[in-house]
Amino acid sequence: MILRPDGRRSDELRPTRITRGFMKHAEGSALIEMGETRVICTASVENRVPPFLVGKRTGWLTAEYAMLPRSTQTRSQRETRGTRGRTQEIQRLIGRTLRAVVDLDKLGVRTLWIDCDVIQADGGTRTAAISGAYVAVADALAHLLKRKQIGENLLRDSVAAVSVGIVHSQPVLDLCYAEDASAEVDMNVVMTGSGKFLELQGTAEGQPFSRKQMDAMLVLARAGIQQIRAIQDDVLEK
């Protein structure tokens, strides 16, 4: 058993909390805290769709992601001259995983804009963003349903995500930054509440990893995501 920086077991999530309705004006919003990582997620409704969907009688969902300049140990520049490759990758990841669980055909001529802003980063920002954004989307759709702008709940399933990795040759769940920076393998896993995979992003930072190690990481990820889903459900029920 390795000693993790914060004293957790290898299969233990960081303390996780989701605060629903964190932003006053958004149709849906949440602050998600996973250890020292904190992300504000909002879902905004816009009564139009991108040009490529005009006339197709369907809705759309898209995402933007950003890190505040002092969300990390040293100040980073704002992306005022276009988004960097990492940012674009994360935005696309958030958008496509949430589109997978929303019935966009019944949304009407509307776009759900998902904004995920990292106010403090200590590893796992993209996975935290997905888990928090799901709560924001659920509330935005409930807002539309309450006002009879849609006829039914458009959520097909829930979605949550978590990081796993190999640190000092041992599979671990929910990496903090210190672990992420030294991990032999880093993997992000996104799953639906029904237990299906939406995304696997795994990279060996040095030596290749085995199928046995991958299976061990997926077991940890599934258990962690089930815990996050329980937190999401509890928050939304309240």
# chains A, B, ... in the order shown; residues from 1 in each chain; ligands from 1

call {"tool": "residues_around", "arguments": {"residues": "Gly95 in chain A", "least_positions_apart": "4", "cutoff": "8 Å", "atoms": "only C-alpha atoms", "output": "list in words"}}
result
Leu61, Thr62, Ala63, Gln91, Arg99 and Ile114 of chain A

call {"tool": "closest_atom_pairs", "arguments": {"of": "range 13-58 of chain A", "to": "range 225-238 of chain A", "cutoff": "8 Å", "atoms": "only C-alpha atoms", "output": "CSV"}}
result
residue,atom,partner,partner_atom,distance
A:Thr16,CA,A:Ile228,CA,7.8
A:Arg17,CA,A:Ile231,CA,7.5
A:Ile18,CA,A:Val235,CA,7.0
A:Thr19,CA,A:Val235,CA,7.6
A:Arg20,CA,A:Val235,CA,6.8

call {"tool": "write_last_selection", "arguments": {"atoms": "N, CA, C and O atoms", "output": "PDB file, in the first residue's frame"}}
result
ATOM      1  N   THR A  16     -15.694  15.025  -1.814  1.00  0.00           N
ATOM      2  CA  THR A  16     -16.386  15.588  -2.973  1.00  0.00           C
ATOM      3  C   THR A  16     -17.701  16.221  -2.544  1.00  0.00           C
ATOM      4  O   THR A  16     -18.483  15.606  -1.816  1.00  0.00           O
ATOM      5  N   ARG A  17     -17.931  17.424  -3.014  1.00  0.00           N
ATOM      6  CA  ARG A  17     -19.161  18.145  -2.696  1.00  0.00           C
ATOM      7  C   ARG A  17     -19.640  18.905  -3.925  1.00  0.00           C
ATOM      8  O   ARG A  17     -18.837  19.484  -4.652  1.00  0.00           O
ATOM      9  N   ILE A  18     -20.928  18.889  -4.159  1.00  0.00           N
ATOM     10  CA  ILE A  18     -21.534  19.660  -5.248  1.00  0.00           C
ATOM     11  C   ILE A  18     -22.556  20.607  -4.642  1.00  0.00           C
ATOM     12  O   ILE A  18     -23.467  20.174  -3.927  1.00  0.00           O
ATOM     13  N   THR A  19     -22.396  21.890  -4.929  1.00  0.00           N
ATOM     14  CA  THR A  19     -23.341  22.912  -4.465  1.00  0.00           C
ATOM     15  C   THR A  19     -24.207  23.324  -5.645  1.00  0.00           C
ATOM     16  O   THR A  19     -23.721  23.918  -6.609  1.00  0.00           O
ATOM     17  N   ARG A  20     -25.461  23.002  -5.551  1.00  0.00           N
ATOM     18  CA  ARG A  20     -26.400  23.251  -6.647  1.00  0.00           C
ATOM     19  C   ARG A  20     -26.877  24.712  -6.628  1.00  0.00           C
ATOM     20  O   ARG A  20     -26.963  25.335  -5.580  1.00  0.00           O
TER      21      ARG A  20
END

call {"tool": "select_by_dssp", "arguments": {"residues": "range 5-154 of chain A", "states": "alpha helix (DSSP H)", "output": "JSON, numbers by chain"}}
result
{"A": [85, 86, 87, 88, 89, 90, 91, 92, 93, 94, 95, 96, 97, 98, 99, 125, 126, 127, 128, 129, 130, 131, 132, 133, 134, 135, 136, 137, 138, 139, 140, 141, 142, 143, 144, 145, 146]}

call {"tool": "residues_around", "arguments": {"residues": "range 198-208 of chain A", "least_positions_apart": "3", "cutoff": "10 Å", "atoms": "only C-alpha atoms", "output": "NGL selection string"}}
result
:A and (93 or 96-98 or 100-101 or 159-161 or 163-166 or 181-192 or 195 or 211 or 214 or 218)

call {"tool": "closest_residue", "arguments": {"among": "A:Val39, A:Asn47, A:Ala26, A:His168", "to": "Gln149 in chain A", "atoms": "only C-alpha atoms"}}
result
A:Asn47

call {"tool": "residues_around", "arguments": {"residues": "Glu46 in chain A", "least_positions_apart": "5", "cutoff": "8 Å", "atoms": "only C-alpha atoms", "output": "list in words"}}
result
Arg110, Thr111, Leu112 and Trp113 of chain A

call {"tool": "write_last_selection", "arguments": {"atoms": "N, CA, C and O atoms", "output": "short mmCIF file (atom, residue, chain, number, x, y, z; two decimals), in the first residue's frame"}}
result
data_model
loop_
_atom_site.label_atom_id
_atom_site.label_comp_id
_atom_site.auth_asym_id
_atom_site.auth_seq_id
_atom_site.Cartn_x
_atom_site.Cartn_y
_atom_site.Cartn_z
N ARG A 110 -33.06 25.35 -29.66
CA ARG A 110 -32.36 25.93 -28.51
C ARG A 110 -30.95 25.35 -28.41
O ARG A 110 -30.70 24.22 -28.83
N THR A 111 -30.06 26.12 -27.81
CA THR A 111 -28.71 25.65 -27.51
C THR A 111 -28.49 25.73 -26.01
O THR A 111 -28.81 26.74 -25.37
N LEU A 112 -27.98 24.66 -25.45
CA LEU A 112 -27.52 24.66 -24.07
C LEU A 112 -26.03 24.97 -24.08
O LEU A 112 -25.22 24.18 -24.60
N TRP A 113 -25.66 26.10 -23.53
CA TRP A 113 -24.26 26.50 -23.40
C TRP A 113 -23.75 26.07 -22.03
O TRP A 113 -24.26 26.52 -21.01
#

call {"tool": "closest_atom_pairs", "arguments": {"of": "range 121-178 of chain A", "to": "range 4-10 of chain A", "cutoff": "7 Å", "atoms": "only C-alpha atoms", "output": "tab-separated table"}}
result
residue	atom	partner	partner_atom	distance
A:Pro171	CA	A:Ser10	CA	6.9
A:Val172	CA	A:Ser10	CA	4.5
A:Leu173	CA	A:Ser10	CA	6.0

call {"tool": "closest_residue", "arguments": {"among": "A:Arg222, A:Lys106, A:Arg92, A:Arg147", "to": "Ile130 in chain A", "atoms": "only C-alpha atoms"}}
result
A:Arg92

call {"tool": "select_by_dssp", "arguments": {"residues": "range 1-173 of chain A", "states": "strand (DSSP E or B)", "output": "PyMOL selection string"}}
result
chain A and resi 16-20+28-34+37-46+60-67+102+111-120+155+159-167+170-173

call {"tool": "closest_residue", "arguments": {"among": "A:Phe209, A:Phe52, A:Phe22, A:Tyr65", "to": "Thr127 in chain A", "atoms": "only C-alpha atoms"}}
result
A:Tyr65

call {"tool": "residues_around", "arguments": {"residues": "Pro15 in chain A", "least_positions_apart": "4", "cutoff": "10 Å", "atoms": "only C-alpha atoms", "output": "list in words"}}
result
Glu33, Met34, Gly35 and Glu36 of chain A

call {"tool": "closest_residue", "arguments": {"among": "A:Arg84, A:Lys56, A:Arg156, A:Arg126", "to": "Ile32 in chain A", "atoms": "only C-alpha atoms"}}
result
A:Arg126

call {"tool": "atom_distance", "arguments": {"atom1": "CA of Asp174 in chain A", "atom2": "CA of Val219 in chain A"}}
result
12.6 Å

call {"tool": "atom_distance", "arguments": {"atom1": "CA of Leu31 in chain A", "atom2": "CA of Leu3 in chain A"}}
result
29.2 Å
